[in-house]
Each structure stands twice: as structure tokens, then as C-alpha cells.
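Participant: Provided herewith: upload36.txt, compact mmCIF, C-alpha atoms.
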```txt
# COMPACT_ATOMS: atom_id res chain seq x y z
CA LEU E 1 -17.91 165.72 -101.51
CA ASP E 2 -15.09 164.04 -103.41
CA ASP E 3 -17.69 162.59 -105.79
CA ALA E 4 -19.17 166.05 -106.45
CA GLN E 5 -16.00 167.20 -108.23
CA ASP E 6 -16.35 170.89 -109.12
CA ARG E 7 -20.09 171.14 -108.41
CA VAL E 8 -19.69 171.78 -104.66
CA SER E 9 -17.59 174.26 -102.76
CA VAL E 10 -17.87 175.50 -99.20
CA ALA E 11 -16.36 178.20 -96.99
CA VAL E 12 -17.42 178.59 -93.35
CA HIS E 13 -16.12 180.85 -90.59
CA ASP E 14 -16.79 180.48 -86.86
CA TRP E 15 -16.40 183.87 -85.17
CA ARG E 16 -16.11 182.44 -81.66
CA SER E 17 -13.11 180.26 -82.42
CA ALA E 18 -11.80 182.38 -85.33
CA THR E 19 -11.74 179.20 -87.41
CA THR E 20 -12.31 179.09 -91.15
CA CYS E 21 -12.89 175.80 -92.95
CA SER E 22 -13.24 175.42 -96.67
CA PHE E 23 -13.50 172.85 -99.42
CA ARG E 24 -12.72 173.83 -103.02
CA SER E 25 -13.56 177.41 -102.09
CA ALA E 26 -11.78 178.91 -105.12
CA ILE E 27 -13.94 177.13 -107.71
CA THR E 28 -16.24 179.53 -109.57
CA HIS E 29 -19.96 178.97 -109.90
CA ASP E 30 -22.83 180.89 -111.49
CA SER E 31 -24.13 183.19 -108.78
CA ALA E 32 -27.83 182.98 -109.64
CA SER E 33 -29.76 184.97 -107.04
CA ILE E 34 -27.01 185.27 -104.44
CA VAL E 35 -25.58 188.11 -106.54
CA LYS E 36 -28.53 190.19 -105.33
CA VAL E 37 -26.69 190.78 -102.04
CA THR E 38 -23.63 192.03 -103.92
CA THR E 39 -25.86 194.27 -106.03
CA VAL E 40 -27.56 195.90 -103.04
CA ALA E 41 -24.20 196.21 -101.24
CA THR E 42 -22.76 197.87 -104.35
CA LEU E 43 -25.61 200.37 -104.50
CA LEU E 44 -25.24 201.19 -100.78
CA TRP E 45 -21.48 201.66 -101.28
CA GLN E 46 -21.96 203.87 -104.33
CA ARG E 47 -24.56 206.02 -102.57
CA ALA E 48 -22.30 206.45 -99.54
CA GLU E 49 -19.44 207.49 -101.81
CA ALA E 50 -21.77 210.09 -103.36
CA GLY E 51 -22.87 211.28 -99.91
CA ARG E 52 -26.48 210.21 -100.18
CA SER E 53 -28.90 207.46 -99.18
CA LEU E 54 -31.04 205.13 -101.26
CA SER E 55 -34.10 206.62 -102.90
CA VAL E 56 -37.57 205.33 -102.01
CA THR E 57 -37.61 203.42 -105.31
CA GLU E 58 -34.18 201.91 -104.70
CA LYS E 59 -35.28 200.77 -101.24
CA ARG E 60 -38.38 199.16 -102.72
CA TRP E 61 -36.26 197.34 -105.32
CA ALA E 62 -33.70 196.26 -102.69
CA GLU E 63 -36.38 194.86 -100.41
CA ALA E 64 -38.03 192.94 -103.25
CA ALA E 65 -34.73 191.61 -104.62
CA ILE E 66 -33.56 190.32 -101.24
CA THR E 67 -36.73 189.28 -99.41
CA ILE E 68 -38.71 187.67 -102.23
CA SER E 69 -35.93 187.26 -104.81
CA ASP E 70 -37.67 189.50 -107.35
CA ASN E 71 -35.70 189.34 -110.61
CA ALA E 72 -37.23 192.49 -112.12
CA ALA E 73 -36.18 194.47 -109.05
CA GLN E 74 -32.69 192.95 -109.30
CA SER E 75 -32.44 193.90 -112.98
CA ALA E 76 -33.42 197.48 -112.14
CA LEU E 77 -30.79 197.59 -109.36
CA TRP E 78 -28.16 196.03 -111.66
CA SER E 79 -28.78 198.77 -114.18
CA ARG E 80 -28.69 201.41 -111.44
CA ILE E 81 -25.23 200.29 -110.19
CA GLY E 82 -23.79 200.36 -113.70
CA GLY E 83 -24.06 196.62 -114.40
CA ASN E 84 -20.81 194.71 -114.72
CA ASP E 85 -18.59 197.72 -114.13
CA GLY E 86 -20.27 198.79 -110.90
CA ALA E 87 -20.42 195.27 -109.51
CA ALA E 88 -16.80 194.56 -110.46
CA GLU E 89 -15.62 197.76 -108.78
CA PHE E 90 -17.38 196.84 -105.54
CA MET E 91 -16.13 193.24 -105.68
CA GLN E 92 -12.57 194.49 -106.03
CA ALA E 93 -12.99 196.91 -103.10
CA ALA E 94 -14.45 194.05 -100.99
CA GLY E 95 -11.51 191.78 -101.84
CA MET E 96 -13.66 189.40 -103.88
CA ASN E 97 -10.79 188.90 -106.31
CA ARG E 98 -11.82 185.60 -107.88
CA SER E 99 -15.43 186.63 -108.57
CA ALA E 100 -16.58 188.67 -111.56
CA PRO E 101 -19.63 189.58 -113.60
CA VAL E 102 -19.49 188.10 -117.10
CA ALA E 103 -22.46 189.46 -119.06
CA SER E 104 -23.97 192.84 -118.26
CA ASP E 105 -27.54 191.80 -118.99
CA LYS E 106 -27.16 188.37 -117.34
CA TRP E 107 -26.36 189.18 -113.71
CA GLY E 108 -27.18 185.61 -112.60
CA LEU E 109 -24.15 184.35 -114.54
CA THR E 110 -21.78 186.41 -112.37
CA GLN E 111 -19.01 184.03 -111.38
CA VAL E 112 -18.50 183.70 -107.62
CA THR E 113 -16.43 181.55 -105.30
CA ALA E 114 -17.32 180.33 -101.82
CA ALA E 115 -14.23 182.12 -100.47
CA ASP E 116 -15.34 185.42 -102.01
CA GLU E 117 -18.89 185.00 -100.73
CA LEU E 118 -17.41 184.55 -97.26
CA ARG E 119 -15.47 187.81 -97.82
CA LEU E 120 -18.77 189.49 -98.73
CA LEU E 121 -20.41 188.20 -95.55
CA ARG E 122 -17.46 189.47 -93.50
CA THR E 123 -17.88 192.85 -95.21
CA LEU E 124 -21.54 192.86 -94.14
CA THR E 125 -20.97 191.72 -90.58
CA HIS E 126 -17.61 193.16 -89.56
CA GLY E 127 -16.20 195.26 -92.40
CA SER E 128 -15.59 198.95 -92.85
CA LEU E 129 -16.32 199.17 -96.58
CA LEU E 130 -20.00 199.93 -95.94
CA ARG E 131 -21.39 202.37 -93.40
CA PRO E 132 -22.64 200.59 -90.24
CA ALA E 133 -26.21 201.72 -90.95
CA ASP E 134 -25.97 200.33 -94.50
CA ARG E 135 -24.62 197.00 -93.24
CA ASP E 136 -27.48 196.83 -90.72
CA TYR E 137 -30.00 197.69 -93.44
CA LEU E 138 -28.86 194.94 -95.79
CA LEU E 139 -28.56 192.35 -93.02
CA GLY E 140 -32.03 193.38 -91.89
CA LEU E 141 -33.39 192.61 -95.35
CA MET E 142 -31.61 189.25 -95.28
CA ARG E 143 -33.20 188.47 -91.89
CA ARG E 144 -36.65 189.14 -93.38
CA VAL E 145 -36.34 186.79 -96.36
CA ASP E 146 -39.70 185.18 -97.13
CA GLN E 147 -40.16 181.65 -95.79
CA THR E 148 -40.39 180.29 -99.36
CA GLN E 149 -36.85 181.59 -99.91
CA ARG E 150 -35.41 180.14 -96.64
CA TRP E 151 -33.88 176.76 -97.40
CA GLY E 152 -30.52 175.09 -96.97
CA VAL E 153 -28.24 176.39 -94.22
CA PRO E 154 -30.93 178.29 -92.23
CA ILE E 155 -32.89 175.07 -91.73
CA GLY E 156 -30.15 173.70 -89.46
CA ALA E 157 -29.80 176.83 -87.33
CA PRO E 158 -30.41 176.35 -83.61
CA ALA E 159 -33.78 177.50 -82.25
CA GLY E 160 -33.68 181.18 -81.33
CA SER E 161 -30.84 181.96 -83.74
CA THR E 162 -30.95 185.09 -85.87
CA VAL E 163 -30.35 184.09 -89.47
CA ALA E 164 -29.61 186.39 -92.40
CA VAL E 165 -29.74 184.62 -95.76
CA LYS E 166 -30.02 185.03 -99.52
CA ASN E 167 -30.19 181.79 -101.40
CA GLY E 168 -29.55 181.35 -105.10
```
Let me see the file written as C-alpha cells.

Facilitator:
Amino acid sequence: LDDAQDRVSVAVHDWRSATTCSFRSAITHDSASIVKVTTVATLLWQRAEAGRSLSVTEKRWAEAAITISDNAAQSALWSRIGGNDGAAEFMQAAGMNRSAPVASDKWGLTQVTAADELRLLRTLTHGSLLRPADRDYLLGLMRRVDQTQRWGVPIGAPAGSTVAVKNG
């Protein structure tokens, strides 16, 4: 990892031992497709604040963005959340203070850190920012990611493990 300089950063948390390990977790990287989780989480948060659920169309876009990494669906969702402003507001509420969108029409260039992505995962698994049903919905989508989109960390998961993922 020392040879990778600023190209690699990691943040991992073990719930059983309450241990967090990280390496260069404050370095920013282009989010690419991992921002799709933030986008769907933002939309769920916004809809809850407005006292309503996702529309049928929004659900279709969310499923496509997460499970098959559909960029057109992501772009529609990005527009629906208010682009940079909506994503930035959710990131702030989730404590993702070192991450930020940079170009409203280029969501994949959103700058993220490993530490902030870990905060997002904690929000999805144990947080109170999203309604429990909304957390379950998004994690359910991440558990149904198409096999062509399941690479990296999920490959090393023990047999029988439940894995929720969104690669970028």
C-alpha cells in the first residue's frame, strides 16, 4: 500500500469487536458508481422529510441504478434529488464531511473518502437518519446486485454470508 501513494484508501469496521481500521481514509477519490448509493439514500431521506414514499418510477430508477449500475437511471435520480445541492445536503446530514459533489451534471466525479463511505454504510446499517424501512429497502437492492457487478470485497466473503454491495 505504501507504493500506491494516494491511489488507495481503506476504511473497515468490525461490528463484533467494535474495531475500525483505516489507511489513508481521508484521501478523496472520484466516486464513479458508488455515488449511486448516496443518491438513492438522498432520495429516500428527502421523501421521508416530505412525508411520502418513492414513486413507482423512482423505485424503478433506484433498482436499475443499484442492481445493474444503470447510468441513465442514476442521472434521472440525480436530477430528482436536486443534483449537487441535494446530495451535499444529505452528505452533511450523514456526517460525510470530507465528501462533496463537484459538477452537477457529472455525478461520477463526486469526491468521496473511505472514511465517509464507512459513515454512509453505518447510516444504512445502524443509523437513524433514514427510516428503518428505507434502510432495509436500499440494503435489499444492494443485496440483489447483478453478478456482473459483484467483484472485489464480496468475492472474499465467507460462504453463506449476506453481502450488500455497490461497486464503482

Participant: Nearest to Val112 in chain E: which of E:Arg150, E:Thr38, E:Ala100, E:Ser22 is it, counting all atoms listed in the file?

Facilitator: E:Ala100

Participant: Using only C-alpha atoms, pick whichever of E:Gln5, E:Thr28, E:Thr123, E:Asn97 has the shortest atom-to-atom distance to Ala41 in chain E.

Facilitator: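 Comparing E:Gln5, E:Thr28, E:Thr123, E:Asn97 against Ala41 in chain E, the winner is E:Thr123.
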
Participant: What's the 10 Å shell around range 127-133 of chain E, counting only C-alpha atoms, without same-chain residues fewer than 2 positions away, as a PyMOL selection string?

Facilitator: chain E and resi 41-42+44-46+48-49+90+93-94+119-125+135-139

Participant: Write out as a list in words the residues lying within 12 Å of Asp2 in chain E, counting all atoms listed in the file and excluding same-chain residues fewer than 6 positions away.

Facilitator: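 Counting all atoms listed in the file, the residues come to Val8, Ser9, Phe23 and Arg24 of chain E.
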
Participant: Any chance you could tabulate, as a tab-separated table, the residues of range 9-109 of chain E at most 12 Å from range 143-146 of chain E with each one's nearest atom pair and distance in Å to one decimal, using only C-alpha atoms, in chain and rising number order?

Facilitator:
```
residue	atom	partner	partner_atom	distance
E:Val37	CA	E:Val145	CA	11.9
E:Ala62	CA	E:Val145	CA	11.7
E:Glu63	CA	E:Val145	CA	9.0
E:Ala64	CA	E:Val145	CA	9.4
E:Ala65	CA	E:Val145	CA	9.7
E:Ile66	CA	E:Val145	CA	6.6
E:Thr67	CA	E:Val145	CA	4.0
E:Ile68	CA	E:Asp146	CA	5.8
E:Ser69	CA	E:Val145	CA	8.5
E:Asp70	CA	E:Asp146	CA	11.3
```

Participant: Find the residue from E:Glu58, E:Glu117, E:Asp3, E:Glu89 that sits nearest to Ser25 in chain E; use all atoms listed in the file when measuring.

Facilitator: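 Among the listed residues, the smallest separation from Ser25 in chain E belongs to E:Glu117.
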
Participant: Specify the axis-aligned box that encloses all atoms of range 92-96 of chain E listed in the file after padding of 6 Å on each side, stating its centre and edge lengths in Å to one decimal as JSON.

Facilitator:
```
{"center_x": -13.0, "center_y": 193.2, "center_z": -103.5, "size_x": 14.9, "size_y": 19.5, "size_z": 17.0}
```

Participant: How far is it from CA of Gly83 in chain E to CA of Gly108 in chain E, in Å with one decimal?

Facilitator: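 For CA of Gly83 in chain E relative to CA of Gly108 in chain E, the distance reads 11.6 Å.
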
Participant: Have a look at CA of Gly140 in chain E and CA of Ala164 in chain E and let me know their distance in Å, one decimal.

Facilitator: 7.4 Å

Participant: Taking 5 positions as the minimum chain separation for residues in the same chain, which residues sit within 12 Å of Ser55 in chain E when counting only C-alpha atoms? Answer as a PyMOL selection string.

Facilitator: chain E and resi 43-44+47+60-62+77+80

Participant: For Lys166 in chain E, which residue out of E:Gln74, E:Ser33, E:Thr39, E:Gln147 is the nearest one, using all atoms listed in the file?

Facilitator: E:Ser33

Participant: How far is it from CA of Ile155 in chain E to CA of Met96 in chain E, in Å with one decimal?

Facilitator: 26.9 Å
